[in-house]
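File shown: final_9.cif (mmCIF, C-alpha atoms).
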```
data_query
#
loop_
_atom_site.label_atom_id
_atom_site.label_comp_id
_atom_site.auth_asym_id
_atom_site.auth_seq_id
_atom_site.Cartn_x
_atom_site.Cartn_y
_atom_site.Cartn_z
CA MET K 1 0.00 0.00 0.00
CA THR K 2 1.01 3.59 -0.35
CA THR K 3 0.78 4.63 3.27
CA THR K 4 4.06 6.48 3.00
CA ARG K 5 2.34 9.18 0.99
CA GLU K 6 -0.19 9.85 3.72
CA ALA K 7 0.17 11.88 6.88
CA PRO K 8 3.33 10.68 8.60
CA ALA K 9 1.66 8.38 11.12
CA ARG K 10 5.01 7.31 12.54
CA LYS K 11 5.49 10.67 14.23
CA LEU K 12 2.18 10.47 16.12
CA THR K 13 1.77 9.73 19.80
CA ALA K 14 -0.53 6.89 20.84
CA LYS K 15 -3.26 9.45 21.45
CA GLY K 16 -2.63 11.07 18.09
CA LEU K 17 -2.82 7.70 16.39
CA ALA K 18 -6.12 6.93 18.11
CA THR K 19 -7.55 10.26 16.97
CA ARG K 20 -6.36 9.64 13.45
CA GLU K 21 -7.99 6.24 13.41
CA ARG K 22 -11.25 7.64 14.80
CA ILE K 23 -11.33 10.19 11.99
CA VAL K 24 -10.63 7.61 9.29
CA LYS K 25 -13.28 5.26 10.63
CA ALA K 26 -15.92 7.98 10.87
CA ALA K 27 -15.07 9.21 7.38
CA ALA K 28 -15.18 5.65 6.01
CA GLU K 29 -18.68 5.12 7.40
CA LEU K 30 -20.02 8.43 6.09
CA ILE K 31 -18.42 7.89 2.69
CA TYR K 32 -19.85 4.38 2.48
CA GLU K 33 -23.32 5.76 3.25
CA GLN K 34 -23.38 8.72 0.94
CA GLY K 35 -20.29 8.75 -1.27
CA ALA K 36 -17.08 10.76 -0.99
CA GLN K 37 -18.36 13.76 -2.89
CA ASN K 38 -21.30 14.22 -0.50
CA THR K 39 -19.17 13.97 2.64
CA ASN K 40 -17.76 17.18 4.09
CA ASN K 41 -15.43 18.12 6.94
CA GLU K 42 -18.24 19.24 9.21
CA GLN K 43 -19.96 15.82 9.04
CA ILE K 44 -16.68 14.00 9.63
CA ARG K 45 -15.72 16.27 12.52
CA THR K 46 -19.07 15.69 14.21
CA ALA K 47 -19.08 11.92 13.66
CA ALA K 48 -15.51 11.53 14.89
CA GLY K 49 -15.91 13.99 17.76
CA VAL K 50 -12.82 15.99 16.84
CA SER K 51 -12.15 19.68 16.36
CA GLY K 52 -11.58 21.30 13.02
CA SER K 53 -7.91 21.84 13.81
CA GLN K 54 -7.47 18.19 14.81
CA LEU K 55 -9.03 17.13 11.54
CA THR K 56 -6.85 19.38 9.39
CA ARG K 57 -3.72 18.50 11.35
CA HIS K 58 -4.21 14.83 10.47
CA PHE K 59 -5.68 15.41 7.04
CA PRO K 60 -4.81 18.76 5.54
CA THR K 61 -6.87 18.02 2.43
CA LYS K 62 -9.95 16.00 1.62
CA GLU K 63 -7.79 14.13 -0.88
CA SER K 64 -5.46 12.93 1.88
CA LEU K 65 -8.44 11.73 3.93
CA VAL K 66 -10.06 9.89 1.01
CA ARG K 67 -6.71 8.25 0.39
CA ALA K 68 -6.51 7.11 4.01
CA VAL K 69 -10.08 5.78 3.80
CA LEU K 70 -9.20 3.80 0.66
CA ALA K 71 -6.24 2.22 2.48
CA TRP K 72 -8.41 1.55 5.54
CA GLN K 73 -11.16 -0.08 3.49
CA ALA K 74 -8.59 -2.19 1.67
CA ASP K 75 -7.13 -3.35 5.00
CA THR K 76 -10.64 -4.08 6.28
CA ILE K 77 -11.69 -6.12 3.27
CA VAL K 78 -8.42 -8.07 3.25
CA ALA K 79 -8.85 -8.81 6.97
CA ARG K 80 -12.45 -9.97 6.41
CA HIS K 81 -11.23 -12.39 3.75
CA GLN K 82 -8.74 -13.82 6.22
CA ALA K 83 -11.42 -14.68 8.79
CA PRO K 84 -10.90 -18.16 10.28
CA GLU K 85 -14.10 -19.60 8.72
CA LEU K 86 -12.77 -18.80 5.23
CA GLY K 87 -9.56 -20.68 5.85
CA GLU K 88 -7.19 -19.42 3.22
CA LEU K 89 -9.87 -19.39 0.53
CA ASP K 90 -8.27 -22.63 -0.56
CA SER K 91 -11.23 -24.99 -0.81
CA PHE K 92 -14.50 -25.04 -2.75
CA ALA K 93 -16.36 -24.96 0.57
CA ALA K 94 -14.46 -21.85 1.74
CA LEU K 95 -15.16 -20.07 -1.55
CA ARG K 96 -18.88 -20.91 -1.24
CA ARG K 97 -18.85 -19.60 2.35
CA TRP K 98 -17.20 -16.42 1.11
CA ALA K 99 -19.88 -15.90 -1.54
CA ASP K 100 -22.73 -16.69 0.84
CA SER K 101 -21.43 -14.20 3.39
CA TYR K 102 -22.10 -11.42 0.87
CA ILE K 103 -25.09 -12.62 -1.12
CA ALA K 104 -28.33 -10.99 0.04
CA SER K 105 -26.54 -9.04 2.75
CA GLN K 106 -28.31 -5.76 3.45
CA ASP K 107 -25.02 -3.86 3.26
CA MET K 108 -24.42 -5.01 -0.28
CA LEU K 109 -27.85 -3.82 -1.37
CA ARG K 110 -27.47 -0.53 0.44
CA GLY K 111 -23.94 0.41 -0.41
CA GLY K 112 -22.16 -2.32 -2.35
CA CYS K 113 -18.60 -3.36 -1.62
CA THR K 114 -17.02 -1.19 1.09
CA PHE K 115 -13.82 -0.83 -0.92
CA GLY K 116 -15.09 -1.26 -4.47
CA SER K 117 -17.88 1.29 -4.29
CA LEU K 118 -15.44 4.00 -3.18
CA ALA K 119 -12.91 2.80 -5.76
CA ALA K 120 -15.56 3.12 -8.48
CA GLU K 121 -16.47 6.62 -7.32
CA VAL K 122 -12.90 7.96 -7.30
CA VAL K 123 -11.08 5.96 -9.99
CA LYS K 124 -12.13 8.46 -12.65
CA THR K 125 -12.74 11.60 -10.64
CA GLU K 126 -9.47 11.47 -8.67
CA PRO K 127 -6.70 10.18 -10.92
CA ALA K 128 -4.24 10.73 -8.05
CA HIS K 129 -5.91 7.86 -6.17
CA ARG K 130 -5.65 5.34 -8.97
CA ASP K 131 -2.58 3.67 -7.49
CA ALA K 132 -4.30 3.28 -4.10
CA VAL K 133 -7.34 1.80 -5.86
CA ALA K 134 -5.13 -0.56 -7.85
CA ASP K 135 -3.19 -1.60 -4.72
CA GLY K 136 -6.37 -2.41 -2.81
CA PHE K 137 -7.84 -4.50 -5.62
CA GLU K 138 -4.54 -6.26 -6.08
CA ARG K 139 -4.14 -7.19 -2.42
CA TRP K 140 -7.70 -8.53 -2.37
CA GLN K 141 -7.38 -10.52 -5.59
CA GLU K 142 -4.07 -11.92 -4.42
CA LEU K 143 -5.96 -13.78 -1.66
CA PHE K 144 -8.06 -15.65 -4.22
CA LYS K 145 -5.08 -16.30 -6.43
CA ARG K 146 -3.12 -17.74 -3.50
CA GLY K 147 -6.00 -19.96 -2.36
CA LEU K 148 -6.61 -21.27 -5.87
CA SER K 149 -2.88 -21.87 -6.37
CA LYS K 150 -2.80 -24.00 -3.23
CA MET K 151 -5.76 -26.00 -4.49
CA ARG K 152 -3.95 -26.63 -7.75
CA GLU K 153 -0.72 -27.55 -5.98
CA ARG K 154 -2.62 -30.05 -3.87
CA GLY K 155 -4.19 -31.50 -7.00
CA GLU K 156 -7.73 -30.36 -6.12
CA LEU K 157 -7.77 -28.21 -9.24
CA ARG K 158 -6.52 -29.62 -12.52
CA PRO K 159 -3.19 -28.26 -13.81
CA GLU K 160 -4.86 -26.24 -16.57
CA ALA K 161 -6.75 -24.10 -14.01
CA ASP K 162 -5.24 -20.59 -14.08
CA PRO K 163 -5.41 -19.14 -10.54
CA ALA K 164 -4.78 -15.55 -11.69
CA ALA K 165 -7.48 -15.71 -14.37
CA LEU K 166 -9.99 -17.37 -12.03
CA ALA K 167 -9.22 -14.75 -9.37
CA HIS K 168 -10.01 -12.03 -11.92
CA LEU K 169 -13.32 -13.72 -12.72
CA LEU K 170 -14.29 -14.03 -9.05
CA ALA K 171 -13.27 -10.44 -8.31
CA ALA K 172 -15.03 -9.02 -11.37
CA ALA K 173 -18.21 -11.03 -10.74
CA PHE K 174 -18.19 -9.73 -7.19
CA GLN K 175 -17.63 -6.07 -8.05
CA GLY K 176 -20.01 -6.05 -11.00
CA GLY K 177 -22.62 -8.04 -9.11
CA ALA K 178 -22.39 -5.63 -6.17
CA LEU K 179 -23.01 -2.68 -8.48
CA LEU K 180 -25.95 -4.40 -10.19
CA ASP K 181 -27.42 -5.33 -6.79
CA GLN K 182 -27.18 -1.74 -5.60
CA ALA K 183 -28.81 -0.46 -8.77
CA ALA K 184 -31.60 -3.04 -8.83
CA GLY K 185 -32.17 -2.94 -5.08
CA GLU K 186 -32.24 -6.72 -5.02
CA SER K 187 -29.75 -9.49 -4.55
CA THR K 188 -30.18 -11.73 -7.59
CA PRO K 189 -27.43 -10.25 -9.80
CA LEU K 190 -24.64 -10.78 -7.26
CA ARG K 191 -25.93 -14.26 -6.40
CA ASP K 192 -26.13 -15.34 -10.04
CA ALA K 193 -22.74 -13.82 -10.84
CA LEU K 194 -20.94 -15.41 -7.90
CA TYR K 195 -22.60 -18.80 -8.23
CA GLY K 196 -21.83 -18.81 -11.95
CA ALA K 197 -18.21 -17.84 -11.35
CA LEU K 198 -17.86 -20.46 -8.61
CA ALA K 199 -19.42 -23.16 -10.78
CA TYR K 200 -16.85 -22.31 -13.43
CA VAL K 201 -14.03 -22.57 -10.89
CA GLU K 202 -15.47 -25.91 -9.77
CA SER K 203 -15.47 -27.14 -13.35
CA PHE K 204 -11.69 -27.38 -12.92
CA ALA K 205 -12.01 -29.77 -9.98
CA ALA K 206 -9.75 -32.77 -10.38
CA GLU K 207 -11.66 -36.00 -10.75
CA HIS K 208 -10.86 -38.57 -8.10
CA MET M 209 -36.85 4.40 -19.44
CA THR M 210 -37.89 7.37 -17.42
CA THR M 211 -37.72 10.02 -20.09
CA THR M 212 -41.02 11.45 -18.95
CA ARG M 213 -39.29 12.85 -15.87
CA GLU M 214 -36.79 14.81 -17.90
CA ALA M 215 -37.16 18.12 -19.70
CA PRO M 216 -40.33 17.91 -21.82
CA ALA M 217 -38.61 17.19 -25.13
CA ARG M 218 -41.94 16.88 -26.91
CA LYS M 219 -42.50 20.63 -26.74
CA LEU M 220 -39.20 21.48 -28.42
CA THR M 221 -38.78 22.64 -32.00
CA ALA M 222 -36.41 20.70 -34.26
CA LYS M 223 -33.76 23.31 -33.51
CA GLY M 224 -34.42 23.06 -29.79
CA LEU M 225 -34.13 19.30 -29.96
CA ALA M 226 -30.82 19.54 -31.80
CA THR M 227 -29.47 21.94 -29.17
CA ARG M 228 -30.63 19.66 -26.41
CA GLU M 229 -28.90 16.70 -28.02
CA ARG M 230 -25.70 18.68 -28.53
CA ILE M 231 -25.67 19.54 -24.83
CA VAL M 232 -26.28 15.96 -23.73
CA LYS M 233 -23.58 14.62 -26.02
CA ALA M 234 -21.01 17.18 -24.88
CA ALA M 235 -21.88 16.53 -21.24
CA ALA M 236 -21.68 12.77 -21.78
CA GLU M 237 -18.18 13.05 -23.22
CA LEU M 238 -16.91 15.34 -20.47
CA ILE M 239 -18.47 13.17 -17.76
CA TYR M 240 -16.96 10.04 -19.29
CA GLU M 241 -13.52 11.70 -19.27
CA GLN M 242 -13.51 13.17 -15.80
CA GLY M 243 -16.59 12.07 -13.87
CA ALA M 244 -19.86 13.88 -13.17
CA GLN M 245 -18.63 15.61 -10.04
CA ASN M 246 -15.73 17.25 -11.89
CA THR M 247 -17.87 18.49 -14.76
CA ASN M 248 -19.35 21.96 -14.49
CA ASN M 249 -21.73 24.12 -16.52
CA GLU M 250 -18.95 26.27 -17.95
CA GLN M 251 -17.17 23.26 -19.46
CA ILE M 252 -20.39 21.87 -20.89
CA ARG M 253 -21.43 25.23 -22.32
CA THR M 254 -18.07 25.63 -24.05
CA ALA M 255 -17.97 22.07 -25.38
CA ALA M 256 -21.53 22.23 -26.68
CA GLY M 257 -21.20 25.78 -28.00
CA VAL M 258 -24.33 27.01 -26.24
CA SER M 259 -25.10 29.99 -24.06
CA GLY M 260 -25.68 29.77 -20.33
CA SER M 261 -29.35 30.54 -20.80
CA GLN M 262 -29.72 27.83 -23.45
CA LEU M 263 -28.12 25.35 -21.08
CA THR M 264 -30.34 26.22 -18.14
CA ARG M 265 -33.46 26.32 -20.31
CA HIS M 266 -32.89 22.70 -21.32
CA PHE M 267 -31.39 21.56 -18.02
CA PRO M 268 -32.34 23.76 -15.09
CA THR M 269 -30.25 21.66 -12.70
CA LYS M 270 -27.11 19.56 -12.96
CA GLU M 271 -29.20 16.67 -11.70
CA SER M 272 -31.53 16.90 -14.70
CA LEU M 273 -28.55 16.92 -17.06
CA VAL M 274 -26.86 13.93 -15.39
CA ARG M 275 -30.16 12.10 -15.66
CA ALA M 276 -30.37 12.85 -19.38
CA VAL M 277 -26.77 11.68 -19.82
CA LEU M 278 -27.59 8.41 -18.04
CA ALA M 279 -30.50 7.84 -20.43
CA TRP M 280 -28.35 8.79 -23.41
CA GLN M 281 -25.53 6.44 -22.39
CA ALA M 282 -28.05 3.64 -21.83
CA ASP M 283 -29.51 4.22 -25.32
CA THR M 284 -25.99 4.28 -26.78
CA ILE M 285 -24.87 1.06 -25.12
CA VAL M 286 -28.10 -0.72 -26.08
CA ALA M 287 -27.67 0.44 -29.69
CA ARG M 288 -24.05 -0.76 -29.72
CA HIS M 289 -25.18 -4.20 -28.59
CA GLN M 290 -27.65 -4.30 -31.44
CA ALA M 291 -24.98 -3.74 -34.10
CA PRO M 292 -25.42 -6.08 -37.09
CA GLU M 293 -22.19 -8.00 -36.40
CA LEU M 294 -23.51 -9.03 -32.99
CA GLY M 295 -26.69 -10.47 -34.45
CA GLU M 296 -29.06 -10.71 -31.56
CA LEU M 297 -26.36 -11.92 -29.18
CA ASP M 298 -27.87 -15.33 -29.80
CA SER M 299 -24.85 -17.43 -30.71
CA PHE M 300 -21.58 -18.33 -29.02
CA ALA M 301 -19.75 -16.60 -31.87
CA ALA M 302 -21.73 -13.37 -31.40
CA LEU M 303 -21.05 -13.39 -27.65
CA ARG M 304 -17.31 -13.88 -28.31
CA ARG M 305 -17.40 -11.00 -30.81
CA TRP M 306 -19.13 -8.87 -28.20
CA ALA M 307 -16.43 -9.64 -25.60
CA ASP M 308 -13.58 -9.10 -28.05
CA SER M 309 -14.95 -5.72 -29.09
CA TYR M 310 -14.34 -4.48 -25.53
CA ILE M 311 -11.31 -6.44 -24.36
CA ALA M 312 -8.12 -4.37 -24.56
CA SER M 313 -9.97 -1.39 -25.99
CA GLN M 314 -8.28 1.84 -25.01
CA ASP M 315 -11.61 3.33 -23.94
CA MET M 316 -12.16 0.60 -21.39
CA LEU M 317 -8.76 1.20 -19.84
CA ARG M 318 -9.22 4.95 -19.84
CA GLY M 319 -12.77 5.27 -18.66
CA GLY M 320 -14.48 1.90 -18.29
CA CYS M 321 -18.01 1.26 -19.45
CA THR M 322 -19.65 4.43 -20.78
CA PHE M 323 -22.86 3.71 -18.88
CA GLY M 324 -21.56 1.63 -15.96
CA SER M 325 -18.82 4.03 -14.87
CA LEU M 326 -21.34 6.86 -14.54
CA ALA M 327 -23.81 4.51 -12.88
CA ALA M 328 -21.16 3.53 -10.33
CA GLU M 329 -20.35 7.17 -9.64
CA VAL M 330 -23.94 8.27 -9.04
CA VAL M 331 -25.69 5.17 -7.65
CA LYS M 332 -24.68 6.09 -4.12
CA THR M 333 -24.17 9.84 -4.35
CA GLU M 334 -27.43 10.60 -6.16
CA PRO M 335 -30.17 8.31 -4.84
CA ALA M 336 -32.65 10.13 -7.09
CA HIS M 337 -30.92 8.57 -10.13
CA ARG M 338 -31.11 5.00 -8.90
CA ASP M 339 -34.15 4.17 -11.03
CA ALA M 340 -32.43 5.53 -14.16
CA VAL M 341 -29.35 3.45 -13.32
CA ALA M 342 -31.51 0.37 -12.74
CA ASP M 343 -33.42 0.95 -16.01
CA GLY M 344 -30.24 1.24 -18.04
CA PHE M 345 -28.71 -1.91 -16.58
CA GLU M 346 -31.98 -3.77 -17.07
CA ARG M 347 -32.36 -2.83 -20.73
CA TRP M 348 -28.77 -3.87 -21.39
CA GLN M 349 -29.02 -7.19 -19.53
CA GLU M 350 -32.30 -7.93 -21.27
CA LEU M 351 -30.41 -8.16 -24.57
CA PHE M 352 -28.24 -10.99 -23.22
CA LYS M 353 -31.18 -12.71 -21.63
CA ARG M 354 -33.13 -12.59 -24.89
CA GLY M 355 -30.21 -13.90 -26.95
CA LEU M 356 -29.55 -16.74 -24.52
CA SER M 357 -33.25 -17.59 -24.39
CA LYS M 358 -33.30 -17.93 -28.16
CA MET M 359 -30.29 -20.22 -28.03
CA ARG M 360 -32.07 -22.38 -25.49
CA GLU M 361 -35.29 -22.43 -27.51
CA ARG M 362 -33.35 -23.54 -30.57
CA GLY M 363 -31.71 -26.27 -28.52
CA GLU M 364 -28.22 -24.78 -28.70
CA LEU M 365 -28.21 -24.40 -24.92
CA ARG M 366 -29.39 -27.26 -22.74
CA PRO M 367 -32.74 -26.78 -20.99
CA GLU M 368 -31.10 -26.31 -17.57
CA ALA M 369 -29.29 -23.16 -18.76
CA ASP M 370 -30.89 -20.16 -17.01
CA PRO M 371 -30.77 -17.17 -19.39
CA ALA M 372 -31.48 -14.62 -16.65
CA ALA M 373 -28.77 -15.99 -14.38
CA LEU M 374 -26.23 -16.25 -17.21
CA ALA M 375 -27.08 -12.68 -18.27
CA HIS M 376 -26.33 -11.52 -14.71
CA LEU M 377 -22.98 -13.30 -14.81
CA LEU M 378 -22.03 -11.77 -18.18
CA ALA M 379 -23.14 -8.30 -17.08
CA ALA M 380 -21.40 -8.50 -13.70
CA ALA M 381 -18.18 -9.88 -15.20
CA PHE M 382 -18.25 -7.01 -17.68
CA GLN M 383 -18.89 -4.24 -15.16
CA GLY M 384 -16.49 -5.61 -12.56
CA GLY M 385 -13.85 -6.37 -15.16
CA ALA M 386 -14.14 -2.84 -16.56
CA LEU M 387 -13.58 -1.36 -13.10
CA LEU M 388 -10.58 -3.62 -12.42
CA ASP M 389 -9.12 -2.76 -15.84
CA GLN M 390 -9.46 0.95 -15.14
CA ALA M 391 -7.83 0.57 -11.74
CA ALA M 392 -4.99 -1.64 -12.92
CA GLY M 393 -4.42 0.27 -16.14
CA GLU M 394 -4.27 -3.00 -18.04
CA SER M 395 -6.71 -5.24 -19.80
CA THR M 396 -6.20 -8.67 -18.23
CA PRO M 397 -8.98 -8.52 -15.59
CA LEU M 398 -11.77 -7.82 -18.09
CA ARG M 399 -10.41 -10.41 -20.52
CA ASP M 400 -10.15 -13.11 -17.86
CA ALA M 401 -13.57 -12.26 -16.45
CA LEU M 402 -15.36 -12.26 -19.81
CA TYR M 403 -13.60 -15.34 -21.16
CA GLY M 404 -14.35 -17.18 -17.91
CA ALA M 405 -18.00 -16.12 -17.99
CA LEU M 406 -18.31 -17.09 -21.66
CA ALA M 407 -16.66 -20.46 -21.05
CA TYR M 408 -19.24 -21.06 -18.34
CA VAL M 409 -22.07 -20.13 -20.73
CA GLU M 410 -20.55 -22.47 -23.32
CA SER M 411 -20.50 -25.29 -20.77
CA PHE M 412 -24.28 -25.38 -21.30
CA ALA M 413 -23.91 -26.03 -25.01
CA ALA M 414 -26.10 -28.89 -26.13
CA GLU M 415 -24.10 -31.85 -27.38
CA HIS M 416 -24.84 -32.81 -30.94
#
```

Can you present the structure in this file as structure tokens?
Amino acid sequence: MTTTREAPARKLTAKGLATRERIVKAAAELIYEQGAQNTNNEQIRTAAGVSGSQLTRHFPTKESLVRAVLAWQADTIVARHQAPELGELDSFAALRRWADSYIASQDMLRGGCTFGSLAAEVVKTEPAHRDAVADGFERWQELFKRGLSKMRERGELRPEADPAALAHLLAAAFQGGALLDQAAGESTPLRDALYGALAYVESFAAEH
Amino acid sequence: MTTTREAPARKLTAKGLATRERIVKAAAELIYEQGAQNTNNEQIRTAAGVSGSQLTRHFPTKESLVRAVLAWQADTIVARHQAPELGELDSFAALRRWADSYIASQDMLRGGCTFGSLAAEVVKTEPAHRDAVADGFERWQELFKRGLSKMRERGELRPEADPAALAHLLAAAFQGGALLDQAAGESTPLRDALYGALAYVESFAAEH
């Protein structure tokens, strides 16, 4: 990730770090609700319970805050995909559990993917954030690629299965399905997309 | 579509209609380049070669203009999918041609889907546009569903193929792949996603 380009967190005291994190978390929630462009300093200040000068000391510009939120959402989504029940995303059952944990979730209908919906909002409007968007997607997709690679190494997937390509399919089906769910206000598109993508992955299962 | 909620085009003279279309087209191009939030009246006025009063007469608010651009982009994408070389998207060859017409296109890398990238920007920030976003996605997905239904009726797809579900997979793989392409600045994610989705569709081919 590109944390080095953000506010120099290493110079902060423990209290300063806690304040910074409170701001990022409050901003992340507001931005997830209503989009980055509709979120202003006043709302973030109030939600985080910080003063204007605290906010600008940590994040002199809105751009720097959006960048920190992108990194935070990427960390959060990566952590969620490393939850114990998902193992290392290295079995068909774990991949199904992953899909089912999102399908028909109210959050997905309301706001889509916590990282992807912000990525989609800023990828065009804020070219300066494109590397942070790319980094987040890459870290997330890497988890699928690694899990699928293990399955192939263990002979659960046939040798011709391409972990990188299958990871792209799973990631794209997820992001596109999340957008279509949000638009339609119902959960069939994401379900159909993920189940279709998973069935395709499963078509590479080695026969025993 | 929800054209009835836009400026009452039916009352316009031919000249008025032409002006209106020039504005929408100029706005659509600017918004595709830089996003809706970065596009202002002054830029649109200049690009369309209209006066401020002409602009506000046709589109009293930015919201009304963004709505017209959404409808215009939906019309454009639907028309593109009805191009003669794609037939009625009712053969494996036509679906491959469709995918190949987008994969590695410079436009996809630069700005993603002309309709979907705007949809993703506004779906959360402008709840009032959600129905226009939903309508556009629905019209577009309907084309795939219809083509796949024909293939099933003709016995080219086995009876268990679900045209609506496969259409969701194709649409999601496309939208998600377009976003990942834009973020990564390279065309592998969309290619892998579409080829994977198409291979899954083809797995329902009837055996002859």

Between CA of Arg154 in chain K and CA of Ile103 in chain K, what distance in Å does the model show, to one decimal?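 CA of Arg154 in chain K sits 28.6 Å away from CA of Ile103 in chain K.
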
Find the residues around Ala83 in chain K up to 12 Å (all atoms listed in the file counted), leave out those fewer than 5 positions away in its own chain, and share them as a PyMOL selection string. chain K and resi 76-78+88-89+94+97-98+101+143

In Å, how far is it from CA of Gly355 in chain M to CA of Val341 in chain M?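 The value is 22.1 Å.
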
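For the pair CA of Arg20 in chain K and CA of Trp72 in chain K, the separation is 11.5 Å.
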
Write out as JSON an axis-aligned box for range 135-149 of chain K: all of its atoms listed in the file, 6 Å added on each side, centre and edge lengths in Å with one decimal.
```
{"center_x": -5.5, "center_y": -11.7, "center_z": -4.0, "size_x": 17.2, "size_y": 32.3, "size_z": 16.8}
```

Expected answer as a PDB file with C-alpha atoms, keeping the file's coordinate frame: chain M residues within 8 Å of chain K, all atoms listed in the file:
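After the write, result-v5.pdb holds the following:
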```
ATOM      1  CA  GLU M 241     -13.520  11.700 -19.270  1.00  0.00           C
ATOM      2  CA  GLN M 242     -13.510  13.170 -15.800  1.00  0.00           C
ATOM      3  CA  GLY M 243     -16.590  12.070 -13.870  1.00  0.00           C
ATOM      4  CA  ALA M 244     -19.860  13.880 -13.170  1.00  0.00           C
ATOM      5  CA  GLN M 245     -18.630  15.610 -10.040  1.00  0.00           C
ATOM      6  CA  ASN M 246     -15.730  17.250 -11.890  1.00  0.00           C
ATOM      7  CA  GLY M 319     -12.770   5.270 -18.660  1.00  0.00           C
ATOM      8  CA  SER M 325     -18.820   4.030 -14.870  1.00  0.00           C
ATOM      9  CA  ALA M 328     -21.160   3.530 -10.330  1.00  0.00           C
ATOM     10  CA  GLU M 329     -20.350   7.170  -9.640  1.00  0.00           C
ATOM     11  CA  VAL M 330     -23.940   8.270  -9.040  1.00  0.00           C
ATOM     12  CA  VAL M 331     -25.690   5.170  -7.650  1.00  0.00           C
ATOM     13  CA  LYS M 332     -24.680   6.090  -4.120  1.00  0.00           C
ATOM     14  CA  THR M 333     -24.170   9.840  -4.350  1.00  0.00           C
ATOM     15  CA  ARG M 338     -31.110   5.000  -8.900  1.00  0.00           C
ATOM     16  CA  ASP M 339     -34.150   4.170 -11.030  1.00  0.00           C
ATOM     17  CA  VAL M 341     -29.350   3.450 -13.320  1.00  0.00           C
ATOM     18  CA  ALA M 342     -31.510   0.370 -12.740  1.00  0.00           C
ATOM     19  CA  PHE M 345     -28.710  -1.910 -16.580  1.00  0.00           C
ATOM     20  CA  ALA M 373     -28.770 -15.990 -14.380  1.00  0.00           C
ATOM     21  CA  LEU M 374     -26.230 -16.250 -17.210  1.00  0.00           C
ATOM     22  CA  HIS M 376     -26.330 -11.520 -14.710  1.00  0.00           C
ATOM     23  CA  LEU M 377     -22.980 -13.300 -14.810  1.00  0.00           C
ATOM     24  CA  LEU M 378     -22.030 -11.770 -18.180  1.00  0.00           C
ATOM     25  CA  ALA M 379     -23.140  -8.300 -17.080  1.00  0.00           C
ATOM     26  CA  ALA M 380     -21.400  -8.500 -13.700  1.00  0.00           C
ATOM     27  CA  ALA M 381     -18.180  -9.880 -15.200  1.00  0.00           C
ATOM     28  CA  PHE M 382     -18.250  -7.010 -17.680  1.00  0.00           C
ATOM     29  CA  GLN M 383     -18.890  -4.240 -15.160  1.00  0.00           C
ATOM     30  CA  GLY M 384     -16.490  -5.610 -12.560  1.00  0.00           C
ATOM     31  CA  GLY M 385     -13.850  -6.370 -15.160  1.00  0.00           C
ATOM     32  CA  LEU M 387     -13.580  -1.360 -13.100  1.00  0.00           C
ATOM     33  CA  LEU M 388     -10.580  -3.620 -12.420  1.00  0.00           C
ATOM     34  CA  GLN M 390      -9.460   0.950 -15.140  1.00  0.00           C
ATOM     35  CA  ALA M 391      -7.830   0.570 -11.740  1.00  0.00           C
ATOM     36  CA  ALA M 392      -4.990  -1.640 -12.920  1.00  0.00           C
ATOM     37  CA  PRO M 397      -8.980  -8.520 -15.590  1.00  0.00           C
ATOM     38  CA  LEU M 398     -11.770  -7.820 -18.090  1.00  0.00           C
ATOM     39  CA  ASP M 400     -10.150 -13.110 -17.860  1.00  0.00           C
ATOM     40  CA  ALA M 401     -13.570 -12.260 -16.450  1.00  0.00           C
ATOM     41  CA  LEU M 402     -15.360 -12.260 -19.810  1.00  0.00           C
ATOM     42  CA  GLY M 404     -14.350 -17.180 -17.910  1.00  0.00           C
ATOM     43  CA  ALA M 405     -18.000 -16.120 -17.990  1.00  0.00           C
ATOM     44  CA  ALA M 407     -16.660 -20.460 -21.050  1.00  0.00           C
ATOM     45  CA  TYR M 408     -19.240 -21.060 -18.340  1.00  0.00           C
TER      46      TYR M 408
END
```

With the PyMOL selection byres ((chain M and resi 364) around 12) as the selection, what would be picked from this file? Answer as a PyMOL selection string, please. chain M and resi 298-300+355-363+365-369+409-416

Tell me, as an mmCIF file with C-alpha atoms, keeping the file's coordinate frame, which residues lie within 12 Å of Phe267 in chain M, counting all atoms listed in the file; anything in the same chain fewer than 4 positions away does not count.
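Written output follows (part_26.cif):
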```
data_model
loop_
_atom_site.group_PDB
_atom_site.id
_atom_site.type_symbol
_atom_site.label_atom_id
_atom_site.label_comp_id
_atom_site.auth_asym_id
_atom_site.auth_seq_id
_atom_site.Cartn_x
_atom_site.Cartn_y
_atom_site.Cartn_z
ATOM 1 C CA ARG M 213 -39.290 12.850 -15.870
ATOM 2 C CA GLU M 214 -36.790 14.810 -17.900
ATOM 3 C CA ALA M 215 -37.160 18.120 -19.700
ATOM 4 C CA PRO M 216 -40.330 17.910 -21.820
ATOM 5 C CA ALA M 217 -38.610 17.190 -25.130
ATOM 6 C CA THR M 227 -29.470 21.940 -29.170
ATOM 7 C CA ARG M 228 -30.630 19.660 -26.410
ATOM 8 C CA GLU M 229 -28.900 16.700 -28.020
ATOM 9 C CA ILE M 231 -25.670 19.540 -24.830
ATOM 10 C CA VAL M 232 -26.280 15.960 -23.730
ATOM 11 C CA ALA M 235 -21.880 16.530 -21.240
ATOM 12 C CA ASN M 249 -21.730 24.120 -16.520
ATOM 13 C CA ILE M 252 -20.390 21.870 -20.890
ATOM 14 C CA ARG M 253 -21.430 25.230 -22.320
ATOM 15 C CA GLY M 260 -25.680 29.770 -20.330
ATOM 16 C CA SER M 261 -29.350 30.540 -20.800
ATOM 17 C CA GLN M 262 -29.720 27.830 -23.450
ATOM 18 C CA LEU M 263 -28.120 25.350 -21.080
ATOM 19 C CA GLU M 271 -29.200 16.670 -11.700
ATOM 20 C CA SER M 272 -31.530 16.900 -14.700
ATOM 21 C CA LEU M 273 -28.550 16.920 -17.060
ATOM 22 C CA VAL M 274 -26.860 13.930 -15.390
ATOM 23 C CA ARG M 275 -30.160 12.100 -15.660
ATOM 24 C CA ALA M 276 -30.370 12.850 -19.380
ATOM 25 C CA VAL M 277 -26.770 11.680 -19.820
#
```
